[in-house]
file start.txt (compact mmCIF, C-alpha atoms)
# COMPACT_ATOMS: atom_id res chain seq x y z
CA MET A 1 0.00 0.00 0.00
CA LYS A 2 2.84 2.40 0.85
CA THR A 3 4.50 1.69 -2.51
CA PHE A 4 1.19 2.35 -4.27
CA ARG A 5 0.79 5.73 -2.48
CA ILE A 6 4.33 6.69 -3.48
CA ARG A 7 3.59 5.86 -7.09
CA ILE A 8 0.42 7.96 -7.03
CA LEU A 9 2.33 10.86 -5.47
CA LEU A 10 5.05 10.65 -8.12
CA ALA A 11 2.42 10.54 -10.84
CA LEU A 12 0.76 13.66 -9.44
CA VAL A 13 4.11 15.45 -9.28
CA PHE A 14 4.77 14.48 -12.89
CA LEU A 15 1.35 15.69 -14.06
CA THR A 16 1.79 18.93 -12.15
CA ALA A 17 5.15 19.48 -13.84
CA ILE A 18 3.57 18.93 -17.25
CA ASN A 19 0.77 21.35 -16.39
CA LEU A 20 3.25 24.02 -15.28
CA ASN A 21 5.29 23.60 -18.42
CA GLY A 22 2.07 23.85 -20.40
CA GLN A 23 1.56 27.38 -19.11
CA ASN A 24 3.67 28.60 -22.03
CA ALA A 25 1.25 31.14 -23.50
CA VAL A 26 1.79 30.05 -27.10
CA VAL A 27 1.10 26.42 -26.21
CA ARG A 28 -2.03 27.42 -24.28
CA TRP A 29 -3.42 29.53 -27.09
CA ASN A 30 -2.66 26.89 -29.69
CA GLY A 31 -4.94 24.60 -27.70
CA ILE A 32 -7.64 27.27 -27.64
CA ALA A 33 -7.13 27.81 -31.37
CA SER A 34 -7.53 24.09 -32.05
CA THR A 35 -10.82 23.99 -30.18
CA THR A 36 -12.01 27.11 -31.98
CA ILE A 37 -10.94 26.10 -35.49
CA VAL A 38 -11.53 22.34 -35.42
CA SER A 39 -13.82 21.24 -32.60
CA ASN A 40 -16.21 24.19 -32.80
CA GLY A 41 -15.43 25.74 -36.18
CA LYS A 42 -15.52 22.39 -38.02
CA GLN A 43 -12.87 23.45 -40.53
CA ALA A 44 -11.58 20.68 -42.77
CA SER A 45 -8.40 18.73 -42.09
CA VAL A 46 -5.89 20.39 -44.43
CA SER A 47 -7.51 23.81 -44.85
CA SER A 48 -7.60 24.23 -41.05
CA GLY A 49 -3.90 25.03 -41.39
CA VAL A 50 -4.83 28.40 -42.90
CA TRP A 51 -6.51 29.55 -39.69
CA PHE A 52 -3.73 28.10 -37.53
CA ALA A 53 -1.28 30.09 -39.67
CA TYR A 54 -3.28 33.30 -39.20
CA VAL A 55 -3.15 32.84 -35.44
CA HIS A 56 0.51 31.95 -35.17
CA LEU A 57 1.79 34.57 -37.60
CA ALA A 58 0.08 37.26 -35.52
CA VAL A 59 1.44 35.72 -32.32
CA TYR A 60 4.93 35.51 -33.82
CA ASP A 61 4.92 39.18 -34.86
CA ALA A 62 3.57 40.28 -31.47
CA VAL A 63 6.21 38.36 -29.51
CA ASN A 64 8.92 39.39 -31.93
CA ALA A 65 8.06 43.05 -31.38
CA ILE A 66 8.88 42.54 -27.70
CA ASP A 67 11.86 40.23 -28.24
CA PRO A 68 13.07 41.34 -31.69
CA ARG A 69 15.48 38.56 -32.62
CA PHE A 70 13.93 37.59 -35.94
CA GLN A 71 12.60 39.14 -39.12
CA PRO A 72 8.93 40.08 -38.73
CA TYR A 73 6.29 38.64 -41.02
CA VAL A 74 4.00 41.69 -41.33
CA TYR A 75 4.02 43.77 -38.16
CA GLU A 76 7.10 45.81 -37.25
CA GLY A 77 5.91 47.75 -34.21
CA ASP A 78 8.04 48.71 -31.21
CA ALA A 79 6.92 47.44 -27.85
CA GLN A 80 6.95 49.44 -24.64
CA ALA A 81 9.70 48.36 -22.27
CA GLY A 82 8.45 45.61 -19.99
CA ALA A 83 5.49 44.67 -22.17
CA SER A 84 4.19 41.23 -21.24
CA GLN A 85 4.86 38.55 -23.84
CA ASP A 86 2.08 36.39 -22.43
CA ALA A 87 -0.42 39.21 -22.80
CA ALA A 88 0.78 39.89 -26.34
CA VAL A 89 0.33 36.23 -27.28
CA ALA A 90 -3.16 36.10 -25.82
CA ALA A 91 -4.26 39.37 -27.41
CA ALA A 92 -2.94 38.45 -30.87
CA ALA A 93 -4.48 34.98 -30.85
CA HIS A 94 -7.75 36.18 -29.36
CA ARG A 95 -8.19 38.98 -31.88
CA VAL A 96 -7.49 36.73 -34.88
CA LEU A 97 -9.82 34.01 -33.64
CA VAL A 98 -12.62 36.47 -32.88
CA HIS A 99 -12.23 38.03 -36.32
CA TYR A 100 -12.57 34.72 -38.18
CA PHE A 101 -14.93 32.95 -35.74
CA SER A 102 -17.11 35.76 -34.46
CA ALA A 103 -19.86 33.38 -33.35
CA GLN A 104 -17.47 32.03 -30.70
CA GLN A 105 -16.58 35.46 -29.29
CA PRO A 106 -18.31 35.03 -25.89
CA SER A 107 -16.25 31.93 -25.12
CA LEU A 108 -13.06 33.45 -26.52
CA ASP A 109 -13.58 36.66 -24.53
CA ALA A 110 -14.03 34.67 -21.33
CA GLN A 111 -10.86 32.67 -21.93
CA PHE A 112 -8.95 35.82 -22.84
CA ASN A 113 -10.00 37.69 -19.70
CA SER A 114 -9.29 34.68 -17.50
CA PHE A 115 -5.85 34.26 -19.05
CA LEU A 116 -4.94 37.94 -18.59
CA GLY A 117 -6.09 37.84 -14.99
CA ALA A 118 -3.64 35.03 -14.24
CA ILE A 119 -0.55 36.76 -15.67
CA PRO A 120 1.84 37.55 -12.79
CA ASP A 121 2.85 40.99 -14.05
CA SER A 122 1.94 44.62 -13.46
CA PRO A 123 -1.24 45.98 -15.04
CA GLY A 124 0.86 48.38 -17.09
CA ASN A 125 3.00 45.64 -18.58
CA VAL A 126 -0.06 43.51 -19.31
CA ALA A 127 -1.78 46.44 -21.00
CA ALA A 128 1.34 47.14 -23.07
CA GLY A 129 1.45 43.50 -24.15
CA VAL A 130 -2.22 43.54 -25.08
CA ALA A 131 -1.67 46.65 -27.20
CA ILE A 132 1.15 44.99 -29.13
CA GLY A 133 -0.85 41.81 -29.63
CA GLU A 134 -3.85 43.73 -30.92
CA GLU A 135 -1.71 45.72 -33.36
CA ALA A 136 0.04 42.60 -34.67
CA ALA A 137 -3.28 40.83 -35.17
CA GLN A 138 -4.86 43.75 -36.97
CA ALA A 139 -1.82 44.03 -39.25
CA LEU A 140 -2.08 40.34 -40.14
CA ILE A 141 -5.84 40.55 -40.70
CA ALA A 142 -5.39 43.57 -43.00
CA ALA A 143 -2.60 41.88 -44.95
CA ARG A 144 -4.76 38.81 -45.60
CA ALA A 145 -8.02 40.66 -46.28
CA SER A 146 -8.30 39.59 -49.93
CA ASP A 147 -6.38 36.31 -49.90
CA GLY A 148 -9.15 34.08 -51.27
CA LEU A 149 -10.25 32.53 -47.98
CA LEU A 150 -13.53 30.64 -48.52
CA ALA A 151 -13.88 32.13 -52.01
CA ASN A 152 -16.50 30.70 -54.33
CA VAL A 153 -14.43 28.48 -56.62
CA PRO A 154 -16.72 26.27 -58.72
CA TYR A 155 -15.54 22.78 -59.58
CA THR A 156 -17.14 20.27 -61.92
CA PRO A 157 -15.71 16.75 -61.95
CA LEU A 158 -14.27 15.58 -65.27
CA TYR A 159 -15.99 12.37 -66.26
CA GLY A 160 -13.99 9.54 -67.77
CA THR A 161 -11.35 6.94 -67.02
CA GLY A 162 -8.65 8.21 -64.69
CA PHE A 163 -10.52 11.28 -63.44
CA TRP A 164 -11.64 11.91 -59.88
CA GLN A 165 -15.26 11.17 -59.07
CA PRO A 166 -17.14 11.63 -55.78
CA THR A 167 -16.38 8.62 -53.61
CA PRO A 168 -18.44 6.32 -51.38
CA PRO A 169 -20.05 6.22 -48.96
CA LEU A 170 -21.31 9.82 -49.19
CA PHE A 171 -20.40 10.66 -52.79
CA GLY A 172 -20.06 14.27 -51.67
CA PRO A 173 -18.65 17.30 -53.49
CA PRO A 174 -14.91 18.04 -53.30
CA LEU A 175 -13.73 19.67 -50.10
CA THR A 176 -12.49 23.27 -50.10
CA PRO A 177 -11.72 23.87 -53.80
CA TRP A 178 -11.02 27.51 -52.84
CA LEU A 179 -7.77 26.35 -51.20
CA ALA A 180 -6.32 25.60 -54.65
CA LYS A 181 -6.58 29.27 -55.63
CA MET A 182 -5.72 30.93 -52.32
CA GLN A 183 -2.89 33.44 -51.98
CA PRO A 184 -0.05 31.58 -50.23
CA PHE A 185 1.73 32.88 -47.14
CA THR A 186 5.31 32.40 -48.36
CA MET A 187 5.17 30.91 -51.85
CA LEU A 188 5.17 33.17 -54.90
CA SER A 189 1.99 31.51 -56.17
CA ALA A 190 -0.21 28.52 -55.44
CA ASP A 191 1.31 26.64 -58.38
CA GLN A 192 4.97 27.50 -57.65
CA PHE A 193 5.78 23.88 -56.82
CA LEU A 194 3.28 22.14 -59.08
CA PRO A 195 4.77 18.68 -59.74
CA GLU A 196 6.51 18.55 -63.09
CA GLU A 197 5.21 15.04 -63.61
CA GLY A 198 1.64 14.00 -63.08
CA PRO A 199 0.19 10.67 -62.02
CA PRO A 200 1.54 7.57 -63.79
CA ALA A 201 0.11 6.84 -67.21
CA LEU A 202 -2.54 4.12 -67.02
CA ASN A 203 -0.56 1.97 -69.45
CA SER A 204 2.67 2.17 -67.42
CA GLN A 205 4.25 -0.49 -65.21
CA GLU A 206 4.38 2.04 -62.37
CA TRP A 207 0.61 2.38 -62.48
CA ILE A 208 0.17 -1.41 -62.51
CA ASP A 209 2.47 -1.74 -59.48
CA ASP A 210 0.83 1.11 -57.55
CA TYR A 211 -2.68 -0.13 -58.31
CA ASN A 212 -1.95 -3.69 -57.19
CA GLN A 213 -0.16 -2.51 -54.05
CA VAL A 214 -3.02 -0.38 -52.73
CA LYS A 215 -5.60 -2.94 -53.87
CA ALA A 216 -3.90 -5.58 -51.71
CA LEU A 217 -2.72 -3.52 -48.75
CA GLY A 218 -5.46 -0.89 -48.56
CA ALA A 219 -8.55 -3.05 -48.76
CA ALA A 220 -10.92 -3.04 -45.81
CA ASN A 221 -10.67 -6.85 -45.75
CA SER A 222 -7.00 -7.11 -46.76
CA ALA A 223 -5.59 -10.58 -46.25
CA ILE A 224 -1.96 -9.44 -46.23
CA ARG A 225 -2.00 -6.24 -44.15
CA THR A 226 -0.78 -6.98 -40.63
CA PRO A 227 -2.55 -5.77 -37.47
CA ALA A 228 0.29 -3.29 -36.92
CA GLN A 229 -0.13 -1.93 -40.43
CA THR A 230 -3.87 -1.68 -39.92
CA GLU A 231 -3.32 0.39 -36.79
CA ILE A 232 -0.90 2.68 -38.66
CA GLY A 233 -3.41 3.15 -41.47
CA ARG A 234 -6.17 4.08 -39.03
CA PHE A 235 -3.88 6.10 -36.73
CA TRP A 236 -3.36 8.82 -39.34
CA THR A 237 -7.03 9.20 -40.30
CA GLU A 238 -7.65 11.66 -37.48
CA HIS A 239 -8.20 15.31 -38.44
CA THR A 240 -4.67 16.34 -39.41
CA GLY A 241 -4.74 19.86 -38.00
CA GLN A 242 -6.05 18.65 -34.66
CA GLN A 243 -3.58 15.78 -34.45
CA PHE A 244 -0.55 17.89 -35.40
CA ALA A 245 -1.61 20.66 -33.02
CA ARG A 246 -1.37 18.29 -30.07
CA ALA A 247 1.96 16.94 -31.29
CA PHE A 248 3.42 20.44 -31.74
CA ARG A 249 2.25 21.51 -28.28
CA ASN A 250 3.72 18.40 -26.69
CA LEU A 251 7.03 18.89 -28.49
CA ALA A 252 7.34 22.54 -27.43
CA THR A 253 6.57 21.53 -23.84
CA GLN A 254 8.95 18.55 -23.92
CA LYS A 255 11.76 20.79 -25.20
CA ALA A 256 10.90 23.50 -22.63
CA LEU A 257 10.98 26.15 -25.35
CA SER A 258 10.66 29.76 -24.30
CA THR A 259 7.61 31.80 -25.30
CA SER A 260 9.60 33.52 -28.02
CA ASP A 261 11.06 30.31 -29.42
CA THR A 262 7.70 28.55 -29.31
CA ALA A 263 6.09 31.46 -31.15
CA ARG A 264 8.65 31.17 -33.94
CA LEU A 265 8.44 27.38 -34.18
CA MET A 266 4.63 27.40 -34.30
CA ALA A 267 4.60 30.14 -36.95
CA MET A 268 7.04 28.16 -39.07
CA LEU A 269 5.18 24.87 -38.72
CA TRP A 270 1.70 26.20 -39.37
CA THR A 271 2.72 28.51 -42.20
CA GLY A 272 4.61 25.67 -43.88
CA PHE A 273 1.67 23.32 -43.34
CA ALA A 274 -0.77 25.88 -44.77
CA ASP A 275 1.32 26.64 -47.85
CA ALA A 276 1.94 22.95 -48.46
CA GLY A 277 -1.83 22.51 -48.36
CA ILE A 278 -2.37 25.35 -50.83
CA GLY A 279 0.24 23.95 -53.21
CA CYS A 280 -1.16 20.46 -52.81
CA TRP A 281 -4.73 21.52 -53.53
CA ASN A 282 -3.58 23.44 -56.58
CA ALA A 283 -1.98 20.25 -57.85
CA LYS A 284 -4.96 18.06 -56.92
CA PHE A 285 -7.38 20.22 -58.88
CA SER A 286 -4.93 20.50 -61.77
CA PHE A 287 -4.44 16.73 -62.26
CA ASN A 288 -7.88 15.53 -61.04
CA PHE A 289 -6.71 11.92 -60.60
CA TRP A 290 -9.03 9.17 -59.42
CA ARG A 291 -8.99 7.56 -56.00
CA PRO A 292 -8.25 3.86 -55.47
CA VAL A 293 -11.87 3.10 -54.60
CA THR A 294 -12.96 4.47 -57.99
CA ALA A 295 -10.08 2.99 -59.98
CA ILE A 296 -10.26 -0.50 -58.49
CA ARG A 297 -14.03 -0.80 -58.86
CA ALA A 298 -13.63 0.28 -62.52
CA GLY A 299 -10.72 -2.05 -63.29
CA GLY A 300 -7.92 0.51 -63.37
CA GLY A 301 -8.22 1.52 -67.02
CA ASN A 302 -5.73 -1.15 -68.07
CA PRO A 303 -6.44 -4.63 -69.52
CA ASP A 304 -3.59 -6.09 -67.47
CA LEU A 305 -5.34 -5.15 -64.22
CA VAL A 306 -8.10 -7.01 -62.39
CA GLY A 307 -10.89 -4.90 -60.96
CA ASP A 308 -13.14 -5.57 -57.99
CA PRO A 309 -16.58 -3.89 -58.02
CA ASN A 310 -16.97 -4.61 -54.30
CA TRP A 311 -13.59 -3.24 -53.19
CA SER A 312 -13.61 -0.79 -50.25
CA PRO A 313 -10.70 0.94 -48.50
CA LEU A 314 -9.77 0.53 -44.85
CA GLY A 315 -10.71 4.17 -44.16
CA SER A 316 -13.37 6.48 -45.52
CA THR A 317 -11.82 8.17 -48.58
CA PRO A 318 -11.40 11.96 -48.21
CA SER A 319 -13.52 13.89 -50.69
CA HIS A 320 -11.03 15.48 -53.06
CA PRO A 321 -8.84 14.42 -56.01
CA GLU A 322 -6.08 11.93 -55.27
CA TYR A 323 -2.82 13.32 -56.67
CA PRO A 324 -0.68 14.26 -54.82
CA ALA A 325 -1.33 12.93 -51.31
CA ALA A 326 -2.27 15.76 -48.94
CA HIS A 327 -0.75 14.16 -45.86
CA GLY A 328 2.47 13.65 -47.80
CA CYS A 329 2.51 17.36 -48.66
CA GLY A 330 1.79 18.55 -45.12
CA THR A 331 4.04 16.07 -43.34
CA GLY A 332 6.84 16.64 -45.84
CA ALA A 333 6.77 20.32 -44.90
CA VAL A 334 6.45 19.66 -41.17
CA ALA A 335 9.29 17.11 -41.07
CA THR A 336 11.60 19.45 -42.97
CA ILE A 337 10.83 22.40 -40.70
CA LEU A 338 11.36 20.36 -37.55
CA SER A 339 14.71 19.02 -38.72
CA ARG A 340 15.89 22.50 -39.72
CA TYR A 341 14.64 24.17 -36.52
CA PHE A 342 16.29 21.66 -34.21
CA GLY A 343 19.33 21.22 -36.42
CA THR A 344 18.97 17.46 -36.88
CA GLN A 345 16.73 14.79 -38.35
CA HIS A 346 17.39 12.72 -35.25
CA LEU A 347 14.62 14.23 -33.17
CA SER A 348 12.69 12.26 -30.57
CA PHE A 349 9.01 13.17 -30.39
CA SER A 350 5.57 11.59 -30.12
CA VAL A 351 2.24 11.76 -31.90
CA ASP A 352 -1.02 10.34 -30.56
CA SER A 353 -4.26 9.49 -32.32
CA LEU A 354 -7.83 9.86 -31.11
CA VAL A 355 -8.83 7.24 -33.69
CA THR A 356 -6.78 4.34 -32.34
CA GLY A 357 -5.95 5.65 -28.86
CA LYS A 358 -2.28 4.88 -29.45
CA VAL A 359 0.92 6.93 -29.17
CA HIS A 360 3.63 6.58 -31.83
CA ASN A 361 7.15 7.51 -30.81
CA PHE A 362 9.64 8.65 -33.43
CA ASP A 363 13.41 8.94 -33.32
CA SER A 364 13.72 10.99 -36.48
CA THR A 365 11.70 13.25 -38.75
CA ASN A 366 12.42 10.83 -41.58
CA ASP A 367 10.68 8.06 -39.64
CA LEU A 368 7.64 10.32 -39.34
CA ILE A 369 7.26 11.00 -43.04
CA GLU A 370 7.94 7.39 -43.99
CA GLU A 371 5.23 6.13 -41.63
CA VAL A 372 2.75 8.65 -42.99
CA GLU A 373 3.57 7.60 -46.55
CA GLN A 374 2.85 3.96 -45.74
CA ALA A 375 -0.26 4.87 -43.74
CA ARG A 376 -2.00 6.41 -46.75
CA ILE A 377 -1.52 3.18 -48.69
CA TYR A 378 -2.66 1.01 -45.76
CA ALA A 379 -5.77 3.19 -45.42
CA GLY A 380 -6.57 2.65 -49.10
CA PHE A 381 -6.45 6.38 -49.90
CA HIS A 382 -3.40 6.79 -52.15
CA TYR A 383 -0.89 5.22 -54.51
CA HIS A 384 2.84 5.13 -53.75
CA HIS A 385 3.71 7.61 -56.50
CA SER A 386 1.27 10.12 -55.05
CA VAL A 387 2.59 10.03 -51.51
CA ALA A 388 6.18 10.33 -52.76
CA GLN A 389 5.30 13.34 -54.91
CA GLY A 390 3.34 14.90 -52.07
CA ARG A 391 6.40 14.63 -49.87
CA ARG A 392 8.54 16.30 -52.55
CA LEU A 393 6.09 19.18 -52.85
CA GLY A 394 5.94 19.73 -49.09
CA VAL A 395 9.73 19.65 -48.74
CA LYS A 396 10.11 22.22 -51.51
CA VAL A 397 7.58 24.49 -49.85
CA ALA A 398 9.45 24.24 -46.55
CA HIS A 399 12.87 24.91 -48.08
CA HIS A 400 11.57 28.00 -49.86
CA MET A 401 9.95 29.30 -46.67
CA LEU A 402 13.00 28.65 -44.50
CA SER A 403 15.23 30.42 -47.03
CA ASN A 404 13.15 33.58 -46.99
CA PHE A 405 11.13 33.90 -43.77
CA PHE A 406 11.51 33.68 -39.98
CA LYS A 407 15.25 34.28 -40.18
CA ALA A 408 17.45 35.95 -37.59
CA ARG A 409 17.62 39.71 -37.99
CA GLY A 410 20.40 40.65 -40.36
CA GLU A 411 20.54 37.22 -41.93
CA ALA A 412 20.38 37.45 -45.71
CA ASP A 413 17.73 35.69 -47.75
CA ASP A 414 18.88 32.49 -49.42
CA GLU A 415 17.31 31.55 -52.74
CA SER A 416 19.59 28.54 -53.25
CA GLU A 417 18.07 25.28 -54.36
CA HIS A 418 17.84 22.39 -51.94
CA ASP A 419 17.61 18.67 -52.44
CA ASP A 420 14.08 17.57 -51.61
CA ARG A 421 15.11 14.51 -49.62

call {"tool": "encode", "arguments": {"input": "start.txt", "output": "structure tokens"}}
result
Amino acid sequence: MKTFRIRILLALVFLTAINLNGQNAVVRWNGIASTTIVSNGKQASVSSGVWFAYVHLAVYDAVNAIDPRFQPYVYEGDAQAGASQDAAVAAAAHRVLVHYFSAQQPSLDAQFNSFLGAIPDSPGNVAAGVAIGEEAAQALIAARASDGLLANVPYTPLYGTGFWQPTPPLFGPPLTPWLAKMQPFTMLSADQFLPEEGPPALNSQEWIDDYNQVKALGAANSAIRTPAQTEIGRFWTEHTGQQFARAFRNLATQKALSTSDTARLMAMLWTGFADAGIGCWNAKFSFNFWRPVTAIRAGGGNPDLVGDPNWSPLGSTPSHPEYPAAHGCGTGAVATILSRYFGTQHLSFSVDSLVTGKVHNFDSTNDLIEEVEQARIYAGFHYHHSVAQGRRLGVKVAHHMLSNFFKARGEADDESEHDDR
């Protein structure tokens, strides 16, 4: 009994330590943003990154005005001496979230006021921080006023072999076609990194190999996919923005990053994720390639392939064109940013999933992207060529961003080319 009480006490001490570390204002407000954007706002998996980027770019500029170590994104104001960073974070995030999710203002106001009331600083310093946060948020909102968010972008599916069609079970319209035309945050245009090569030709050996691989491994009733592979396939079907938000918060807490460093890391991750999503959607709606569930039920458009009219994937196919794989794009960007920020690919971190209830531990950013690539095949969503090309797109987006944004003050821009692996 005594040993049990000691274990409980140690567990409570550990949880208290985590809670104290979690008081980092950027981490706290990322959690509030996730609830606002995803849980309450119901924004889609990839496009949610746009709103996360809005929040964290404003937070980054606000904190950077107080601790000016890096190049600003939009706002270049000067903070009053002693201005509270925590208050600046809260004010910037709150203002952006209220602007884009006005229906949630009562809840956001309550959380904002509660957060300010708990800041252990003088009223003058808190007020100065709030002023900076408000200014940074308004500057970001003004800069993005006509960026194409939620624009009416009509899309009519192209009928015929090889083209995307609405997929079962809902056969719904494509998600967020406006994202394909949106003004990026760091790219020169939405099509800057459009893949030079499209999906494999339907008469190619690569197509035959990719088709047969996902048909065998991605089927709901696959006879060759192992239980571990099934869990991996399902693990990554959670809402990507929500899942990554938790992982990013946990990583910042685990590394005990300062408020300023967390603000920069979050801005980099979410901006890279958002731009990778924009570039990916531009490519998806340019190539309009069919999903495995459509291709396999139709026989793959090749006489050397065997179709299955009853084939279903392990997961429920996302409602948008297949090529390239969105999770490959986003995770390619995220993995590249993490390895550059921490100066190594050999980074230990964890990701959990609300779908499977499991935690996956990684020893490198390369392990992360490789698992995600396999997961999209196991889930029956994508072909190998698509996930590989998605990764390439995301890596290119990240390299371009890191060469031109979020740099130390005085550091010159670098337009040099980078290898995408």

call {"tool": "residues_near_point", "arguments": {"input": "start.txt", "point": "(2.5, 41.7, -26.2)", "cutoff": "7 Å", "atoms": "all atoms listed in the file", "output": "short mmCIF file (atom, residue, chain, number, x, y, z; two decimals) with C-alpha atoms, in the coordinates of the input"}}
result
data_model
loop_
_atom_site.label_atom_id
_atom_site.label_comp_id
_atom_site.auth_asym_id
_atom_site.auth_seq_id
_atom_site.Cartn_x
_atom_site.Cartn_y
_atom_site.Cartn_z
CA ALA A 62 3.57 40.28 -31.47
CA VAL A 63 6.21 38.36 -29.51
CA ILE A 66 8.88 42.54 -27.70
CA ALA A 83 5.49 44.67 -22.17
CA SER A 84 4.19 41.23 -21.24
CA GLN A 85 4.86 38.55 -23.84
CA ASP A 86 2.08 36.39 -22.43
CA ALA A 87 -0.42 39.21 -22.80
CA ALA A 88 0.78 39.89 -26.34
CA VAL A 89 0.33 36.23 -27.28
CA ALA A 128 1.34 47.14 -23.07
CA GLY A 129 1.45 43.50 -24.15
CA VAL A 130 -2.22 43.54 -25.08
CA ALA A 131 -1.67 46.65 -27.20
CA ILE A 132 1.15 44.99 -29.13
CA GLY A 133 -0.85 41.81 -29.63
#

call {"tool": "closest_residue", "arguments": {"input": "start.txt", "among": "A:Gln242, A:Ala223, A:Asp308, A:Trp29", "to": "Gln43 (chain A)", "atoms": "all atoms listed in the file"}}
result
A:Gln242

call {"tool": "closest_residue", "arguments": {"input": "start.txt", "among": "A:Tyr323, A:Tyr155, A:Trp236, A:Trp311", "to": "Glu197 (chain A)", "atoms": "all atoms listed in the file"}}
result
A:Tyr323

call {"tool": "residues_around", "arguments": {"input": "start.txt", "residues": "Gln213 (chain A)", "least_positions_apart": "6", "cutoff": "10 Å", "atoms": "all atoms listed in the file", "output": "VMD selection string"}}
result
chain A and resid 207 219 377 to 378 380 383 to 384

call {"tool": "residues_around", "arguments": {"input": "start.txt", "residues": "region 299-303 of chain A", "least_positions_apart": "6", "cutoff": "7 Å", "atoms": "all atoms listed in the file", "output": "PyMOL selection string"}}
result
chain A and resi 161+202-203

call {"tool": "write_last_selection", "arguments": {"input": "start.txt", "atoms": "C-alpha atoms", "output": "compact mmCIF listing (two decimals), in the frame of the given file"}}
result
# COMPACT_ATOMS: atom_id res chain seq x y z
CA THR A 161 -11.35 6.94 -67.02
CA LEU A 202 -2.54 4.12 -67.02
CA ASN A 203 -0.56 1.97 -69.45

call {"tool": "closest_atom_pairs", "arguments": {"input": "start.txt", "of": "region 325-403 of chain A", "to": "region 256-273 of chain A", "cutoff": "12 Å", "atoms": "all atoms listed in the file", "output": "tab-separated table"}}
result
residue	atom	partner	partner_atom	distance
A:Ala326	CA	A:Phe273	CA	10.2
A:His327	CA	A:Phe273	CA	9.8
A:Gly328	CA	A:Phe273	CA	10.7
A:Cys329	CA	A:Phe273	CA	8.0
A:Gly330	CA	A:Phe273	CA	5.1
A:Thr331	CA	A:Phe273	CA	7.6
A:Gly332	CA	A:Phe273	CA	8.8
A:Ala333	CA	A:Gly272	CA	5.9
A:Val334	CA	A:Leu269	CA	5.9
A:Ala335	CA	A:Leu269	CA	9.1
A:Thr336	CA	A:Gly272	CA	9.4
A:Ile337	CA	A:Leu269	CA	6.5
A:Leu338	CA	A:Leu269	CA	7.7
A:Ser339	CA	A:Leu269	CA	11.2
A:Arg340	CA	A:Leu265	CA	10.5
A:Tyr341	CA	A:Leu265	CA	7.4
A:Phe342	CA	A:Leu265	CA	9.7
A:Arg391	CA	A:Phe273	CA	11.9
A:Leu393	CA	A:Gly272	CA	11.2
A:Gly394	CA	A:Phe273	CA	8.0
A:Val395	CA	A:Gly272	CA	9.3
A:Lys396	CA	A:Gly272	CA	10.0
A:Val397	CA	A:Gly272	CA	6.8
A:Ala398	CA	A:Gly272	CA	5.7
A:His399	CA	A:Gly272	CA	9.3
A:His400	CA	A:Gly272	CA	9.5
A:Met401	CA	A:Gly272	CA	7.0
A:Leu402	CA	A:Met268	CA	8.1
A:Ser403	CA	A:Met268	CA	11.6

call {"tool": "atom_distance", "arguments": {"input": "start.txt", "atom1": "CA of Ser348 (chain A)", "atom2": "CA of Asn361 (chain A)"}}
result
7.3 Å

call {"tool": "axis_aligned_box", "arguments": {"input": "start.txt", "around": "region 324-327 of chain A", "padding_each_side": "4 Å", "output": "AutoDock Vina command-line options"}}
result
--center_x -1.5 --center_y 14.3 --center_z -50.3 --size_x 9.6 --size_y 10.8 --size_z 17.0

call {"tool": "residues_around", "arguments": {"input": "start.txt", "residues": "Ser146 (chain A)", "least_positions_apart": "6", "cutoff": "12 Å", "atoms": "only C-alpha atoms", "output": "compact mmCIF listing (two decimals) with C-alpha atoms, in the coordinates of the input"}}
result
# COMPACT_ATOMS: atom_id res chain seq x y z
CA LEU A 140 -2.08 40.34 -40.14
CA LYS A 181 -6.58 29.27 -55.63
CA MET A 182 -5.72 30.93 -52.32
CA GLN A 183 -2.89 33.44 -51.98
CA PRO A 184 -0.05 31.58 -50.23

call {"tool": "closest_residue", "arguments": {"input": "start.txt", "among": "A:Lys215, A:His239, A:Arg246, A:His346", "to": "Lys42 (chain A)", "atoms": "only C-alpha atoms"}}
result
A:His239

call {"tool": "residues_around", "arguments": {"input": "start.txt", "residues": "Thr167 (chain A)", "least_positions_apart": "5", "cutoff": "9 Å", "atoms": "all atoms listed in the file", "output": "ChimeraX atom specification"}}
result
/A:172-173,291,293-294,316-320

call {"tool": "write_last_selection", "arguments": {"input": "start.txt", "atoms": "C-alpha atoms", "output": "PDB file, in the frame of the given file"}}
result
ATOM      1  CA  GLY A 172     -20.060  14.270 -51.670  1.00  0.00           C
ATOM      2  CA  PRO A 173     -18.650  17.300 -53.490  1.00  0.00           C
ATOM      3  CA  ARG A 291      -8.990   7.560 -56.000  1.00  0.00           C
ATOM      4  CA  VAL A 293     -11.870   3.100 -54.600  1.00  0.00           C
ATOM      5  CA  THR A 294     -12.960   4.470 -57.990  1.00  0.00           C
ATOM      6  CA  SER A 316     -13.370   6.480 -45.520  1.00  0.00           C
ATOM      7  CA  THR A 317     -11.820   8.170 -48.580  1.00  0.00           C
ATOM      8  CA  PRO A 318     -11.400  11.960 -48.210  1.00  0.00           C
ATOM      9  CA  SER A 319     -13.520  13.890 -50.690  1.00  0.00           C
ATOM     10  CA  HIS A 320     -11.030  15.480 -53.060  1.00  0.00           C
TER      11      HIS A 320
END

call {"tool": "closest_residue", "arguments": {"input": "start.txt", "among": "A:Pro106, A:Gly357, A:Pro200, A:Gly279", "to": "Glu238 (chain A)", "atoms": "all atoms listed in the file"}}
result
A:Gly357

call {"tool": "atom_distance", "arguments": {"input": "start.txt", "atom1": "CA of Ala65 (chain A)", "atom2": "CA of Glu135 (chain A)"}}
result
10.3 Å

call {"tool": "decode", "arguments": {"input": "start.txt", "residues": "region 229-234 of chain A", "atoms": "C-alpha atoms", "output": "tab-separated table (two decimals), in the first residue's frame"}}
result
chain	number	residue	atom	x	y	z
A	229	GLN	CA	-0.13	-1.93	-40.43
A	230	THR	CA	-3.87	-1.68	-39.92
A	231	GLU	CA	-3.32	0.39	-36.79
A	232	ILE	CA	-0.90	2.68	-38.66
A	233	GLY	CA	-3.41	3.15	-41.47
A	234	ARG	CA	-6.17	4.08	-39.03
